[in-house]
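Enquirer: Next comes protein17.csv, CSV, C-alpha atoms and all ligand atoms:
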chain,number,residue,atom,x,y,z
D,13,MET,CA,-30.2,111.5,-21.2
D,14,SER,CA,-31.9,108.8,-23.4
D,15,LYS,CA,-33.6,106.0,-21.7
D,16,PRO,CA,-31.8,102.7,-21.8
D,17,PHE,CA,-35.0,100.6,-21.9
D,18,VAL,CA,-38.5,101.6,-23.0
D,19,TYR,CA,-41.7,99.6,-22.7
D,20,GLY,CA,-45.4,100.2,-23.1
D,21,THR,CA,-45.2,102.6,-26.1
D,22,ALA,CA,-43.9,102.2,-29.6
D,23,VAL,CA,-40.1,102.4,-29.7
D,24,PHE,CA,-37.9,104.4,-32.0
D,25,GLY,CA,-34.2,105.1,-32.8
D,26,GLU,CA,-31.8,103.5,-30.4
D,27,ASN,CA,-34.5,101.7,-28.5
D,28,PHE,CA,-35.5,99.8,-31.6
D,29,THR,CA,-33.5,96.7,-32.2
D,30,ASP,CA,-33.1,94.2,-35.1
D,31,ARG,CA,-36.2,93.5,-37.2
D,32,LYS,CA,-34.0,94.2,-40.3
D,33,ALA,CA,-35.6,91.6,-42.5
D,34,GLU,CA,-39.1,92.6,-41.4
D,35,THR,CA,-38.5,96.3,-41.9
D,36,LYS,CA,-37.2,95.6,-45.4
D,37,HIS,CA,-40.2,93.4,-46.2
D,38,LEU,CA,-42.7,96.0,-45.0
D,39,LYS,CA,-40.9,98.8,-46.7
D,40,MET,CA,-40.9,96.9,-50.0
D,41,ASN,CA,-44.6,96.2,-49.7
D,42,PHE,CA,-45.2,99.9,-49.0
D,43,GLU,CA,-43.1,100.9,-52.0
D,44,ALA,CA,-44.8,98.4,-54.3
D,45,GLY,CA,-48.3,99.2,-53.1
D,46,VAL,CA,-48.9,95.7,-51.7
D,47,ASN,CA,-51.6,95.5,-49.1
D,48,THR,CA,-50.3,94.1,-45.8
D,49,ILE,CA,-51.9,92.6,-42.8
D,50,LEU,CA,-49.6,92.5,-39.8
D,51,ILE,CA,-50.5,90.1,-37.0
D,52,SER,CA,-48.8,89.2,-33.7
D,53,PRO,CA,-49.5,88.7,-30.1
D,54,ARG,CA,-49.8,91.8,-27.9
D,55,ARG,CA,-46.8,94.0,-27.4
D,56,THR,CA,-44.5,92.2,-29.9
D,57,GLY,CA,-43.7,95.4,-31.8
D,58,LYS,CA,-46.2,95.9,-34.6
D,59,THR,CA,-46.6,99.6,-34.2
D,60,SER,CA,-42.9,100.2,-33.7
D,61,LEU,CA,-42.1,98.1,-36.9
D,62,VAL,CA,-44.6,100.0,-39.0
D,63,TYR,CA,-43.1,103.4,-38.0
D,64,LYS,CA,-39.6,102.0,-38.6
D,65,ALA,CA,-40.5,100.9,-42.2
D,66,VAL,CA,-42.3,104.2,-42.9
D,67,GLU,CA,-39.3,106.1,-41.8
D,68,GLN,CA,-37.2,104.3,-44.3
D,69,ILE,CA,-39.2,105.2,-47.4
D,70,THR,CA,-37.3,107.6,-49.5
D,71,ASP,CA,-39.4,107.9,-52.6
D,72,PRO,CA,-41.1,111.4,-52.4
D,73,SER,CA,-44.1,110.3,-54.5
D,74,ILE,CA,-45.1,107.9,-51.7
D,75,LYS,CA,-47.1,109.5,-48.9
D,76,VAL,CA,-48.1,107.7,-45.7
D,77,VAL,CA,-51.2,108.2,-43.7
D,78,MET,CA,-51.2,106.9,-40.2
D,79,MET,CA,-54.3,106.3,-38.1
D,80,ASP,CA,-55.2,104.5,-35.0
D,81,ILE,CA,-58.8,103.4,-34.5
D,82,TYR,CA,-58.6,101.9,-31.0
D,83,ASP,CA,-61.5,104.2,-29.8
D,84,CYS,CA,-63.8,104.1,-32.9
D,85,ARG,CA,-67.0,102.6,-31.8
D,86,ASP,CA,-68.9,102.4,-35.1
D,87,GLU,CA,-68.4,102.9,-38.8
D,88,TYR,CA,-69.3,106.6,-38.6
D,89,GLU,CA,-66.5,107.3,-36.2
D,90,PHE,CA,-64.3,105.3,-38.5
D,91,TYR,CA,-65.2,107.5,-41.5
D,92,GLU,CA,-64.5,110.6,-39.5
D,93,ARG,CA,-61.1,109.3,-38.4
D,94,PHE,CA,-60.3,108.1,-41.9
D,95,ALA,CA,-61.2,111.3,-43.7
D,96,SER,CA,-59.4,113.4,-41.1
D,97,ALA,CA,-56.3,111.2,-41.1
D,98,VAL,CA,-56.1,111.3,-44.9
D,99,LEU,CA,-56.4,115.1,-44.9
D,100,LYS,CA,-53.9,115.6,-42.1
D,101,GLY,CA,-51.5,113.2,-43.7
D,102,LEU,CA,-51.5,115.0,-47.0
D,103,ALA,CA,-51.8,118.6,-45.9
D,104,THR,CA,-49.4,120.4,-43.7
D,105,LYS,CA,-51.6,123.5,-43.0
D,106,ALA,CA,-55.2,123.8,-42.1
D,107,GLU,CA,-56.0,125.8,-45.2
D,108,GLN,CA,-54.6,123.1,-47.4
D,109,ALA,CA,-56.8,120.5,-45.6
D,110,MET,CA,-59.8,122.7,-46.1
D,111,THR,CA,-59.1,123.0,-49.9
D,112,LEU,CA,-58.7,119.3,-50.2
D,113,ALA,CA,-61.8,118.6,-48.2
D,114,LYS,CA,-63.9,121.0,-50.3
D,115,SER,CA,-62.7,119.7,-53.6
D,116,PHE,CA,-62.9,116.0,-52.8
D,117,LEU,CA,-65.7,115.7,-50.2
D,118,SER,CA,-67.9,118.5,-51.5
D,119,ARG,CA,-71.1,116.8,-50.3
D,120,LEU,CA,-70.0,116.9,-46.7
D,121,SER,CA,-69.5,120.1,-44.7
D,122,PRO,CA,-66.1,119.8,-43.2
D,123,LYS,CA,-65.2,121.9,-40.2
D,124,ILE,CA,-61.6,122.6,-39.5
D,125,SER,CA,-60.5,124.0,-36.2
D,126,ILE,CA,-57.1,125.1,-35.0
D,127,SER,CA,-56.4,122.7,-32.3
D,128,PRO,CA,-55.6,123.9,-28.7
D,129,ASP,CA,-53.3,120.9,-28.5
D,130,PRO,CA,-49.9,122.2,-29.6
D,131,SER,CA,-48.8,118.9,-31.0
D,132,GLN,CA,-51.5,119.0,-33.5
D,133,GLU,CA,-51.9,122.1,-35.7
D,134,PHE,CA,-55.5,121.5,-36.7
D,135,SER,CA,-58.3,119.0,-36.4
D,136,VAL,CA,-61.0,118.2,-38.9
D,137,SER,CA,-64.6,117.1,-38.3
D,138,PHE,CA,-67.4,116.2,-40.7
D,139,GLY,CA,-70.4,115.4,-38.6
D,140,ILE,CA,-70.7,112.0,-40.3
D,141,GLY,CA,-73.6,109.9,-39.2
D,142,PRO,CA,-76.1,107.2,-40.3
D,143,LYS,CA,-77.7,109.8,-42.6
D,144,THR,CA,-74.5,110.6,-44.5
D,145,GLU,CA,-74.9,109.6,-48.1
D,146,LYS,CA,-72.3,107.4,-49.8
D,147,PRO,CA,-69.7,106.7,-47.1
D,148,GLU,CA,-68.0,104.9,-50.1
D,149,GLU,CA,-66.9,108.4,-51.2
D,150,ILE,CA,-65.0,108.8,-47.9
D,151,LEU,CA,-63.4,105.4,-48.3
D,152,ASP,CA,-62.3,106.5,-51.8
D,153,LEU,CA,-60.9,109.8,-50.7
D,154,PRO,CA,-57.2,108.7,-50.7
D,155,GLU,CA,-57.5,107.3,-54.2
D,156,LYS,CA,-59.1,110.4,-55.6
D,157,ILE,CA,-56.3,112.6,-54.1
D,158,ALA,CA,-53.6,110.2,-55.2
D,159,GLN,CA,-54.8,110.2,-58.8
D,160,LYS,CA,-55.2,113.9,-59.0
D,161,ARG,CA,-51.8,114.5,-57.6
D,162,ASN,CA,-50.0,111.6,-59.1
D,163,LEU,CA,-49.0,110.1,-55.8
D,164,ASN,CA,-49.0,106.7,-54.2
D,165,ILE,CA,-50.5,106.6,-50.8
D,166,VAL,CA,-50.1,104.0,-48.0
D,167,VAL,CA,-52.8,104.1,-45.4
D,168,CYS,CA,-51.7,102.4,-42.1
D,169,ILE,CA,-54.5,101.5,-39.7
D,170,ASP,CA,-53.5,100.5,-36.2
D,171,GLU,CA,-55.8,98.5,-33.9
D,172,PHE,CA,-57.7,97.4,-37.0
D,173,GLN,CA,-59.4,94.5,-35.0
D,174,GLN,CA,-61.6,97.2,-33.6
D,175,VAL,CA,-63.8,97.0,-36.8
D,176,GLY,CA,-64.9,93.6,-35.5
D,177,GLU,CA,-66.7,95.4,-32.7
D,178,PHE,CA,-68.8,97.7,-34.9
D,179,PRO,CA,-72.5,97.2,-35.1
D,180,ASP,CA,-73.1,95.7,-38.5
D,181,SER,CA,-69.4,95.0,-38.7
D,182,ILE,CA,-69.7,92.7,-41.7
D,183,GLY,CA,-71.7,95.4,-43.6
D,184,PHE,CA,-68.9,97.8,-43.0
D,185,GLN,CA,-66.2,95.4,-44.0
D,186,LYS,CA,-67.9,94.6,-47.3
D,187,LYS,CA,-68.1,98.3,-48.1
D,188,ALA,CA,-64.5,98.9,-47.2
D,189,ARG,CA,-63.1,96.0,-49.0
D,190,GLY,CA,-65.4,96.7,-52.0
D,191,VAL,CA,-63.9,100.2,-52.4
D,192,TRP,CA,-60.3,99.6,-51.3
D,193,GLN,CA,-59.7,96.6,-53.6
D,194,LEU,CA,-60.4,98.7,-56.7
D,195,GLN,CA,-58.0,101.4,-55.7
D,196,LYS,CA,-54.9,101.7,-57.9
D,197,ASN,CA,-52.7,104.2,-56.2
D,198,VAL,CA,-53.5,103.4,-52.6
D,199,SER,CA,-52.5,100.4,-50.5
D,200,TYR,CA,-53.2,99.5,-46.9
D,201,CYS,CA,-51.3,98.2,-44.0
D,202,LEU,CA,-53.8,96.9,-41.5
D,203,PHE,CA,-52.5,95.8,-38.1
D,204,GLY,CA,-53.6,95.3,-34.6
D,205,SER,CA,-53.6,93.3,-31.4
D,206,LYS,CA,-56.2,90.8,-30.3
D,207,LYS,CA,-54.7,88.2,-32.5
D,208,HIS,CA,-57.8,85.9,-32.5
D,209,MET,CA,-59.9,88.8,-33.9
D,210,MET,CA,-57.3,89.7,-36.5
D,211,ASP,CA,-57.1,86.0,-37.5
D,212,LYS,CA,-60.9,85.9,-37.8
D,213,LEU,CA,-61.1,89.1,-40.0
D,214,PHE,CA,-58.4,87.9,-42.4
D,215,GLN,CA,-58.1,84.2,-42.3
D,216,ASP,CA,-61.8,83.2,-42.3
D,217,LYS,CA,-63.0,82.4,-45.9
D,218,SER,CA,-66.5,83.7,-45.2
D,219,MET,CA,-65.2,87.2,-44.1
D,220,PRO,CA,-65.0,90.1,-46.5
D,221,PHE,CA,-61.3,90.8,-45.8
D,222,TYR,CA,-60.2,87.2,-46.5
D,223,HIS,CA,-57.1,87.3,-48.8
D,224,PHE,CA,-57.0,91.0,-48.8
D,225,GLY,CA,-53.2,91.2,-48.7
D,226,ASP,CA,-49.8,89.8,-47.7
D,227,MET,CA,-50.3,88.2,-44.3
D,228,PHE,CA,-47.3,89.0,-42.2
D,229,PHE,CA,-46.9,87.2,-38.8
D,230,LEU,CA,-44.5,89.1,-36.6
D,231,GLU,CA,-42.3,86.7,-34.6
D,232,ALA,CA,-40.3,87.3,-31.5
D,233,ILE,CA,-37.0,89.2,-31.9
D,234,PRO,CA,-34.2,86.5,-31.9
D,235,LYS,CA,-32.4,86.0,-28.6
D,236,GLU,CA,-28.9,86.8,-30.0
D,237,GLU,CA,-30.2,90.3,-31.1
D,238,TRP,CA,-31.7,90.9,-27.7
D,239,ILE,CA,-28.5,89.9,-26.0
D,240,ASN,CA,-26.5,92.4,-28.0
D,241,TYR,CA,-29.0,95.1,-27.4
D,242,ILE,CA,-29.2,94.5,-23.6
D,243,VAL,CA,-25.4,94.3,-23.2
D,244,GLN,CA,-25.0,97.6,-25.1
D,245,ARG,CA,-27.8,99.4,-23.3
D,246,PHE,CA,-26.3,98.5,-19.9
D,247,ALA,CA,-22.9,99.7,-21.2
D,248,THR,CA,-24.5,103.2,-21.8
D,249,ARG,CA,-25.0,103.4,-18.1
D,250,ASN,CA,-21.5,102.1,-17.4
D,251,MET,CA,-22.9,98.8,-16.2
D,252,ILE,CA,-22.1,95.2,-17.1
D,253,ILE,CA,-24.3,92.3,-17.9
D,254,SER,CA,-22.8,89.1,-19.2
D,255,GLU,CA,-24.1,87.6,-22.3
D,256,GLU,CA,-25.1,84.6,-20.3
D,257,MET,CA,-27.1,86.7,-17.9
D,258,ALA,CA,-28.8,88.7,-20.7
D,259,GLY,CA,-29.8,85.4,-22.3
D,260,ARG,CA,-31.4,84.2,-19.1
D,261,LEU,CA,-33.2,87.5,-18.8
D,262,CYS,CA,-34.7,86.9,-22.2
D,263,ASP,CA,-35.6,83.3,-21.3
D,264,ARG,CA,-37.5,84.4,-18.2
D,265,VAL,CA,-40.0,86.3,-20.4
D,266,GLN,CA,-39.8,84.0,-23.4
D,267,LEU,CA,-38.5,86.8,-25.7
D,268,TYR,CA,-41.8,88.7,-25.3
D,269,SER,CA,-40.7,92.1,-26.5
D,270,SER,CA,-42.1,94.6,-24.0
D,271,TYR,CA,-41.3,92.3,-21.1
D,272,VAL,CA,-37.7,92.0,-22.2
D,273,GLN,CA,-37.4,95.7,-22.0
D,274,GLN,CA,-39.3,96.1,-18.8
D,275,LEU,CA,-37.4,93.3,-17.1
D,276,ALA,CA,-34.1,94.7,-18.3
D,277,TRP,CA,-35.0,98.1,-16.9
D,278,ASN,CA,-36.0,96.5,-13.5
D,279,VAL,CA,-32.7,94.6,-13.4
D,280,LEU,CA,-30.8,97.8,-14.2
D,281,ILE,CA,-32.4,99.6,-11.3
D,282,GLU,CA,-31.4,96.8,-9.0
D,283,THR,CA,-27.8,96.6,-10.2
D,284,GLU,CA,-24.6,98.3,-9.0
D,285,GLY,CA,-21.7,97.6,-11.4
D,286,GLU,CA,-22.3,94.1,-12.7
D,287,VAL,CA,-25.6,92.2,-12.8
D,288,THR,CA,-25.8,89.3,-10.4
D,289,GLU,CA,-28.1,86.3,-10.2
D,290,GLN,CA,-29.8,88.1,-7.3
D,291,ASN,CA,-30.4,91.3,-9.4
D,292,LEU,CA,-32.1,89.2,-12.0
D,293,GLU,CA,-34.4,87.6,-9.4
D,294,SER,CA,-35.3,90.9,-7.8
D,295,GLY,CA,-36.0,92.5,-11.2
D,296,TYR,CA,-38.3,89.6,-12.0
D,297,GLU,CA,-40.1,89.9,-8.7
D,298,LEU,CA,-40.6,93.6,-9.4
D,299,LEU,CA,-42.1,92.7,-12.8
D,300,ILE,CA,-44.6,90.3,-11.0
D,301,ARG,CA,-45.5,93.1,-8.6
D,302,GLN,CA,-46.0,95.6,-11.5
D,303,THR,CA,-48.2,93.2,-13.4
D,304,SER,CA,-50.2,91.4,-10.8
D,305,ALA,CA,-52.9,94.0,-10.3
D,306,LEU,CA,-53.7,93.8,-14.0
D,307,PHE,CA,-53.7,90.0,-14.0
D,308,MET,CA,-56.1,90.0,-11.0
D,309,ARG,CA,-58.4,92.1,-13.0
D,310,GLN,CA,-58.2,89.8,-16.0
D,311,LEU,CA,-59.4,86.9,-13.8
D,312,ALA,CA,-62.1,88.9,-12.0
D,313,ASN,CA,-65.2,87.6,-13.8
D,314,LEU,CA,-64.0,84.2,-14.8
D,315,THR,CA,-66.3,81.2,-14.1
D,316,VAL,CA,-65.1,78.1,-12.4
D,317,TYR,CA,-64.9,76.3,-15.7
D,318,GLN,CA,-62.8,79.0,-17.2
D,319,MET,CA,-60.4,79.0,-14.3
D,320,ASN,CA,-60.2,75.2,-14.5
D,321,TYR,CA,-59.3,75.4,-18.1
D,322,LEU,CA,-56.3,77.7,-17.2
D,323,LYS,CA,-55.3,75.1,-14.7
D,324,VAL,CA,-55.2,72.4,-17.4
D,325,LEU,CA,-52.8,74.6,-19.4
D,326,ASP,CA,-50.7,75.1,-16.3
D,327,ALA,CA,-50.5,71.3,-15.9
D,328,GLY,CA,-48.9,71.2,-19.3
D,329,VAL,CA,-51.9,69.9,-21.3
D,330,HIS,CA,-52.2,71.8,-24.7
D,331,THR,CA,-54.5,69.5,-26.8
D,332,GLY,CA,-57.2,67.0,-26.3
D,333,PHE,CA,-59.3,69.0,-23.9
D,334,GLN,CA,-62.4,67.2,-24.9
D,335,SER,CA,-61.2,63.8,-23.8
D,336,SER,CA,-63.3,62.4,-21.0
D,337,ASP,CA,-60.3,62.0,-18.7
D,338,ILE,CA,-59.4,65.6,-18.9
D,339,LEU,CA,-63.0,66.8,-18.7
D,340,GLU,CA,-63.4,64.8,-15.5
D,341,GLU,CA,-60.1,65.4,-13.8
D,342,TYR,CA,-60.2,69.1,-14.2
D,343,ARG,CA,-63.9,69.5,-14.0
D,344,LEU,CA,-64.4,71.3,-17.3
D,345,GLY,CA,-68.1,70.5,-17.8
D,346,SER,CA,-69.4,69.0,-20.9
D,347,LYS,CA,-67.5,68.6,-24.2
D,348,SER,CA,-69.6,71.3,-25.8
D,349,ASN,CA,-68.6,73.7,-23.0
D,350,ILE,CA,-65.0,73.7,-24.1
D,351,THR,CA,-65.5,75.9,-27.2
D,352,ARG,CA,-67.4,78.5,-25.2
D,353,VAL,CA,-64.7,78.6,-22.5
D,354,GLU,CA,-62.0,78.9,-25.1
D,355,ASN,CA,-63.8,81.7,-26.9
D,356,VAL,CA,-64.1,83.7,-23.7
D,357,LEU,CA,-60.5,83.2,-22.8
D,358,LEU,CA,-59.4,84.0,-26.3
D,359,GLY,CA,-61.4,87.2,-26.2
D,360,LYS,CA,-59.7,88.2,-23.0
D,361,GLU,CA,-56.4,87.4,-24.6
D,362,LEU,CA,-55.5,85.0,-21.8
D,363,ILE,CA,-54.8,82.1,-24.1
D,364,ASP,CA,-53.5,81.8,-27.6
D,365,LYS,CA,-54.2,79.1,-30.2
D,366,ARG,CA,-51.1,77.9,-32.0
D,367,PRO,CA,-50.7,75.1,-34.6
D,368,ASP,CA,-49.6,72.7,-31.9
D,369,GLY,CA,-52.2,73.5,-29.3
D,370,VAL,CA,-53.4,76.1,-26.8
D,371,TYR,CA,-51.0,78.1,-24.6
D,372,PHE,CA,-51.1,80.9,-22.2
D,373,ALA,CA,-50.8,84.1,-24.2
D,374,ASP,CA,-48.5,85.8,-21.7
D,375,PRO,CA,-45.5,84.1,-20.1
D,376,VAL,CA,-45.5,86.4,-17.1
D,377,PHE,CA,-49.2,85.7,-16.5
D,378,ALA,CA,-48.5,82.0,-16.8
D,379,TYR,CA,-45.8,82.2,-14.1
D,380,TRP,CA,-48.0,84.4,-11.8
D,381,PHE,CA,-51.1,82.1,-12.3
D,382,HIS,CA,-49.1,79.1,-11.4
D,383,ARG,CA,-47.8,80.7,-8.2
D,384,GLU,CA,-51.2,82.0,-7.1
D,385,TYR,CA,-53.5,79.2,-8.1
D,386,CYS,CA,-51.7,76.0,-8.8
D,387,LYS,CA,-49.5,75.3,-5.8
D,401,LIG,N1,-37.9,96.3,-32.5
D,401,LIG,C1,-38.0,96.5,-31.1
D,401,LIG,N2,-36.9,96.6,-30.4
D,401,LIG,C2,-36.9,96.7,-29.1
D,401,LIG,N3,-38.0,96.7,-28.4
D,401,LIG,C3,-39.2,96.5,-29.0
D,401,LIG,C4,-39.2,96.4,-30.4
D,401,LIG,N4,-40.5,96.2,-30.8
D,401,LIG,C5,-41.2,96.2,-29.6
D,401,LIG,N5,-40.4,96.4,-28.6
D,401,LIG,C6,-40.9,96.4,-27.1
D,401,LIG,O1,-42.2,96.1,-27.1
D,401,LIG,C7,-43.0,97.2,-26.6
D,401,LIG,C8,-44.3,97.2,-27.4
D,401,LIG,O2,-44.1,97.7,-28.8
D,401,LIG,P1,-45.2,98.1,-29.8
D,401,LIG,O3,-46.1,99.0,-29.1
D,401,LIG,O4,-44.6,98.5,-31.0
D,401,LIG,O5,-45.9,96.7,-29.9
D,401,LIG,P2,-47.4,96.4,-30.5
D,401,LIG,O6,-47.3,95.0,-31.0
D,401,LIG,O7,-47.8,97.4,-31.4
D,401,LIG,O8,-48.2,96.4,-29.1
D,401,LIG,P3,-49.8,96.4,-29.0
D,401,LIG,O9,-50.2,95.0,-29.1
D,401,LIG,O10,-50.0,96.9,-27.5
D,401,LIG,O11,-50.4,97.3,-30.0
D,401,LIG,C9,-42.2,98.4,-26.8
D,401,LIG,O12,-42.5,99.4,-25.8
D,401,LIG,C10,-40.8,97.8,-26.5
D,401,LIG,O13,-40.6,97.6,-25.1
D,402,MG,MG,-49.6,98.6,-31.3
Kindly transcribe the structure held in the file into structure tokens.
Expert:
Amino acid sequence: MSKPFVYGTAVFGENFTDRKAETKHLKMNFEAGVNTILISPRRTGKTSLVYKAVEQITDPSIKVVMMDIYDCRDEYEFYERFASAVLKGLATKAEQAMTLAKSFLSRLSPKISISPDPSQEFSVSFGIGPKTEKPEEILDLPEKIAQKRNLNIVVCIDEFQQVGEFPDSIGFQKKARGVWQLQKNVSYCLFGSKKHMMDKLFQDKSMPFYHFGDMFFLEAIPKEEWINYIVQRFATRNMIISEEMAGRLCDRVQLYSSYVQQLAWNVLIETEGEVTEQNLESGYELLIRQTSALFMRQLANLTVYQMNYLKVLDAGVHTGFQSSDILEEYRLGSKSNITRVENVLLGKELIDKRPDGVYFADPVFAYWFHREYCK
């Protein structure tokens, strides 16, 4: 039986709702070879959306290479992952991958092994390290293959913010941008969480990837869409939730995609027949219990100033932190301290900077924090 609600992983098929306009936009970018940068707060649905758009491409001359670099610690690991993702994306069999590697990366000595993991037929490694000459050749691998085979390739790189953590990150970014921007048959879709890092990589004029492509900010799924989805998913289990109650469910988590699905599942577990007020409350309490251990960990090493800053947000202040009243009342230290505090909290993804001020990044965290520390 299919799951009525899914959270924590990318969603597909009947667990994917709405996003019609965004899917179309992304698909058109992919088909036209437009570079795309996809940014949103955590767990809004970036990965799910990219897969959805890729699924809808029908042109057989367009090939898509998917890679996730969340665990790449330096540029060499990136090159390994990049080369192997390109080969795997374009070859279905180990022998084909080997042939491609030999003809396009002849300087390296690729090793291809049949993977013990049954979900992956083969894995590729190159032993790339600081002594490897011309990493640019690896960055140019998709273009070489695309030209030779008369293809267009879209390379999708998930958790791209990770490049900000590489030693000599700027050096790497310059190399990558330098090579990628000259490619004619290859385009890139770069996306990831850690919004502040993605913003820095792509929105800061001094950074190599500034203006690299179409900036695409993924917004929340509209409430009406969620209501339809929730009502229908309850119905698949022969249960009823009124539109009004489904709307309240969305409000409780401010339309935050993964929480909508998690809370809906919690409520479904609590319900017999039709969802009541009490079911919604118990589902929400369960959500707090499920998330509180993680929230505690996120606060573990915060300084008094950082905690006080969060308390200011809780009090409804979103701008003007450097005014002497606020500094004094909430004991935030000196004016110059504020930027440091904000940078730490942004790095931990506890707060989010929006055009109209600073807010808690996570609505459930905000509720929990208020209950634990501000009463
Ligand atoms: N289109 C959608 N329809 C329904 N639920 C969605 C959709 N997109 C995302 N979700 C919900 O949000 C969760 C996270 O989705 P996904 O992993 O795609 O987001 P993400 O932005 O890539 O997250 P992360 O920041 O962790 O990389 C899913 O498990 C699902 O519960
Ligand atoms: Mg993701």
Enquirer: Given the choices D:Glu256, D:Glu361, D:Asp71, D:Glu43, which gets closest to Cys201 in chain D if the distance is worked out from only C-alpha atoms?
Expert: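 So, comparing all the options, the nearest one is D:Glu43.
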Enquirer: If we count only C-alpha atoms and set the cut-off at 8 Å, which residues sit around range 44-53 of chain D, ignoring sequence neighbours fewer than 6 positions away in its own chain? Please answer as a VMD selection string.
Expert: chain D and resid 38 164 166 197 to 207 210 to 211 224 to 231 373
Enquirer: To one decimal place in Å, what is the distance between atom O9 of ligand LIG 401 (chain D) and CA of Val62 in chain D?
Expert: 12.4 Å
Enquirer: Any residue with an atom at most 9 Å from ligand MG 402 (chain D) counts, using only C-alpha atoms and all ligand atoms. Which are they? Put them as an MDAnalysis selection string.
Expert: chainID D and resid 21:22 54:60 80 170:171 203:205
Enquirer: When you look at Tyr222 in chain D with a cut-off of 10 Å (counting only C-alpha atoms), what residues show up, excluding the ones that are within fewer than 5 positions of it in the same chain? I need them as an MDAnalysis selection string.
Expert: chainID D and resid 189 211:217
Enquirer: If we count only C-alpha atoms and set the cut-off at 12 Å, which residues sit around range 323-330 of chain D, ignoring sequence neighbours fewer than 3 positions away in its own chain? Please answer as a PDB file with C-alpha atoms, keeping the file's coordinate frame.
Expert:
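And here's around-v3.pdb as it stands now:
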ATOM      1  CA  VAL D 316     -65.100  78.100 -12.400  1.00  0.00           C
ATOM      2  CA  TYR D 317     -64.900  76.300 -15.700  1.00  0.00           C
ATOM      3  CA  GLN D 318     -62.800  79.000 -17.200  1.00  0.00           C
ATOM      4  CA  MET D 319     -60.400  79.000 -14.300  1.00  0.00           C
ATOM      5  CA  ASN D 320     -60.200  75.200 -14.500  1.00  0.00           C
ATOM      6  CA  PHE D 333     -59.300  69.000 -23.900  1.00  0.00           C
ATOM      7  CA  GLN D 334     -62.400  67.200 -24.900  1.00  0.00           C
ATOM      8  CA  SER D 335     -61.200  63.800 -23.800  1.00  0.00           C
ATOM      9  CA  ASP D 337     -60.300  62.000 -18.700  1.00  0.00           C
ATOM     10  CA  ILE D 338     -59.400  65.600 -18.900  1.00  0.00           C
ATOM     11  CA  LEU D 339     -63.000  66.800 -18.700  1.00  0.00           C
ATOM     12  CA  GLU D 340     -63.400  64.800 -15.500  1.00  0.00           C
ATOM     13  CA  GLU D 341     -60.100  65.400 -13.800  1.00  0.00           C
ATOM     14  CA  TYR D 342     -60.200  69.100 -14.200  1.00  0.00           C
ATOM     15  CA  ARG D 343     -63.900  69.500 -14.000  1.00  0.00           C
ATOM     16  CA  LEU D 344     -64.400  71.300 -17.300  1.00  0.00           C
ATOM     17  CA  ILE D 350     -65.000  73.700 -24.100  1.00  0.00           C
ATOM     18  CA  GLU D 354     -62.000  78.900 -25.100  1.00  0.00           C
ATOM     19  CA  LEU D 362     -55.500  85.000 -21.800  1.00  0.00           C
ATOM     20  CA  ILE D 363     -54.800  82.100 -24.100  1.00  0.00           C
ATOM     21  CA  ASP D 364     -53.500  81.800 -27.600  1.00  0.00           C
ATOM     22  CA  LYS D 365     -54.200  79.100 -30.200  1.00  0.00           C
ATOM     23  CA  ARG D 366     -51.100  77.900 -32.000  1.00  0.00           C
ATOM     24  CA  PRO D 367     -50.700  75.100 -34.600  1.00  0.00           C
ATOM     25  CA  ASP D 368     -49.600  72.700 -31.900  1.00  0.00           C
ATOM     26  CA  GLY D 369     -52.200  73.500 -29.300  1.00  0.00           C
ATOM     27  CA  VAL D 370     -53.400  76.100 -26.800  1.00  0.00           C
ATOM     28  CA  TYR D 371     -51.000  78.100 -24.600  1.00  0.00           C
ATOM     29  CA  PHE D 372     -51.100  80.900 -22.200  1.00  0.00           C
ATOM     30  CA  ALA D 373     -50.800  84.100 -24.200  1.00  0.00           C
ATOM     31  CA  PRO D 375     -45.500  84.100 -20.100  1.00  0.00           C
ATOM     32  CA  PHE D 377     -49.200  85.700 -16.500  1.00  0.00           C
ATOM     33  CA  ALA D 378     -48.500  82.000 -16.800  1.00  0.00           C
ATOM     34  CA  TYR D 379     -45.800  82.200 -14.100  1.00  0.00           C
ATOM     35  CA  TRP D 380     -48.000  84.400 -11.800  1.00  0.00           C
ATOM     36  CA  PHE D 381     -51.100  82.100 -12.300  1.00  0.00           C
ATOM     37  CA  HIS D 382     -49.100  79.100 -11.400  1.00  0.00           C
ATOM     38  CA  ARG D 383     -47.800  80.700  -8.200  1.00  0.00           C
ATOM     39  CA  GLU D 384     -51.200  82.000  -7.100  1.00  0.00           C
ATOM     40  CA  TYR D 385     -53.500  79.200  -8.100  1.00  0.00           C
ATOM     41  CA  CYS D 386     -51.700  76.000  -8.800  1.00  0.00           C
ATOM     42  CA  LYS D 387     -49.500  75.300  -5.800  1.00  0.00           C
TER      43      LYS D 387
END
Enquirer: CA of Gly20 in chain D and CA of Asn355 in chain D, how far apart in Å?
Expert: 26.4 Å
